[in-house]
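Everything below concerns the one structure shown next.
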Amino acid sequence: MSDSKIIVALDYSTADAAITMASQLDPQRCRLKVGKELFTRSGPAVVESLVSRGFDIFLDLKYHDIPSTVAKACAAAADLGVWMLNVHTLGGGAMMRAAHESIGNQSDRPLLIGVTLLTSMDQTAFEQIGLQGTIADTVLRLAKLADESGLDGVVCSAQEAGKLRIQHGPDFQLVTPGIRPENSENGDQHRTMTPAEALAAGSSFLVIGRPITAAPDPMAALVDIENSLL
Ligand code: C5P
């Protein structure tokens, strides 16, 4: 198991591409995120293969269904040996409690994280689905419900991390994408923070994709980021 705060997003469509990238990285120096595209195309085999290479895997499938279905999906993910998995907080307290109960209490159980509101959701989309108030207050409310329902933390933007850290204390895991090292392309990310800024703001783990995976030497890019945190 790594003690790295860096989770490299393996946003690939084939297991071969994902494993080729993983083989250029050191499992002691980063963890890996497998999301919906890679998992839907390559299935559990790619997760098992990455776990067998010594990587901690964040399975980012954002489960959202009735409590019993989510509980069984979370138990299945835990059986794959993943280090972290997530559910959608909009599934509600009963769903999150069922997820929490399904993964057990052993010290090596996966971390269970909630997605609050997708960052792609703007105020118009938020109101369209009947939600009221502000996006910021809703994120705080959903994170509170996640904490009360036994989740270990939430995915959030680094901009939200400060308030969430105050609301939840030091043991709540804040997993933040939208990270861009100094001098790297923003791509389609807006409102980015550097790795050092995000950790200073209260992030526990940094999800970083293209600044590492699209670099000519991904391991060198990872080491540069580690050095920026010293
Ligand atoms: O390449 P990049 O660093 O932008 O990748 C970020 C990763 O984090 C992608 O896998 C993306 O889907 C994910 N993500 C995100 N913003 C969110 C939630 C997840 O960028 N709000």
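Going through the structure tokens in order, the chains are called A, B, and so on, while each chain numbers its residues from 1 and the ligands are numbered from 1 in the order shown.
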Using only C-alpha atoms and all ligand atoms, I'd like a table of the residues in chain A that come within 9 Å of ligand 1; for each, show the closest atom pair and its distance in Å rounded to one decimal, ordered by chain and ascending number, as a tab-separated table.
residue	atom	partner	partner_atom_place_in_ligand_line	distance
A:Val8	CA	ligand 1	3 (O)	8.0
A:Ala9	CA	ligand 1	10 (O)	4.9
A:Leu10	CA	ligand 1	10 (O)	6.9
A:Asp11	CA	ligand 1	10 (O)	5.7
A:Lys33	CA	ligand 1	10 (O)	7.3
A:Val34	CA	ligand 1	10 (O)	8.0
A:Gly35	CA	ligand 1	10 (O)	6.6
A:Lys36	CA	ligand 1	12 (O)	8.9
A:Asp60	CA	ligand 1	10 (O)	8.4
A:Val115	CA	ligand 1	18 (C)	8.1
A:Leu117	CA	ligand 1	21 (N)	8.2
A:Leu118	CA	ligand 1	21 (N)	5.5
A:Thr119	CA	ligand 1	21 (N)	4.5
A:Ser120	CA	ligand 1	21 (N)	6.9
A:Val155	CA	ligand 1	18 (C)	7.0
A:Cys156	CA	ligand 1	21 (N)	6.6
A:Ser157	CA	ligand 1	21 (N)	6.5
A:Thr176	CA	ligand 1	17 (C)	7.6
A:Pro177	CA	ligand 1	8 (O)	4.7
A:Gly178	CA	ligand 1	20 (O)	5.2
A:Ile179	CA	ligand 1	3 (O)	6.0
A:Arg180	CA	ligand 1	3 (O)	7.0
A:Asn186	CA	ligand 1	4 (O)	7.6
A:Gly187	CA	ligand 1	4 (O)	7.0
A:Asp188	CA	ligand 1	4 (O)	6.9
A:Gln189	CA	ligand 1	4 (O)	5.9
A:Val207	CA	ligand 1	8 (O)	5.7
A:Ile208	CA	ligand 1	3 (O)	4.0
A:Gly209	CA	ligand 1	1 (O)	3.4
A:Arg210	CA	ligand 1	1 (O)	3.7
A:Pro211	CA	ligand 1	3 (O)	6.2
A:Ile212	CA	ligand 1	3 (O)	8.0
A:Thr213	CA	ligand 1	1 (O)	7.8
A:Ala214	CA	ligand 1	1 (O)	8.4
(request) Using DSSP on the backbone coordinates, identify all residues within region 125-195 of chain A classified as helix (DSSP H, G or I); present the result as a PyMOL selection string. (result) chain A and resi 125-128+135-148+158-168+195
(message) Using only C-alpha atoms for the distances, tell me which of A:Asp3, A:Asp65, A:Glu148, A:Glu197 is nearest to Met95 (chain A).
(response) A:Asp65
(message) Measuring between only C-alpha atoms, which one of A:Cys74, A:Met1, A:Ala99, A:Met84 shows the shortest distance to Gly54 (chain A)?
(response)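 Closest to Gly54 (chain A), using only C-alpha atoms: A:Met1.
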If you take only C-alpha atoms and a cut-off of 12 Å, which residues of region 140-166 of chain A touch region 123-135 of chain A, and what are their nearest atom pairs and distances in Å to one decimal, in chain and number order, as a tab-separated table?
residue	atom	partner	partner_atom	distance
A:Leu140	CA	A:Ile135	CA	8.8
A:Arg141	CA	A:Ile135	CA	9.8
A:Leu142	CA	A:Ile135	CA	10.4
A:Glu160	CA	A:Ile135	CA	10.8
Residues from the last selection, C-alpha atoms, saved as a PDB file, in the first residue's frame:
ATOM      1  CA  LEU A 140     -22.149  21.267   2.457  1.00  0.00           C
ATOM      2  CA  ARG A 141     -25.523  19.685   3.294  1.00  0.00           C
ATOM      3  CA  LEU A 142     -24.847  16.550   1.219  1.00  0.00           C
ATOM      4  CA  GLU A 160     -14.795  23.689  -1.443  1.00  0.00           C
TER       5      GLU A 160
END
(request) Using only C-alpha atoms, find the one residue out of A:Thr14, A:Gln28, A:Thr20, A:Ser107 that sits nearest to Ser42 (chain A). (result)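 Under the stated criterion, the closest residue is A:Thr14.
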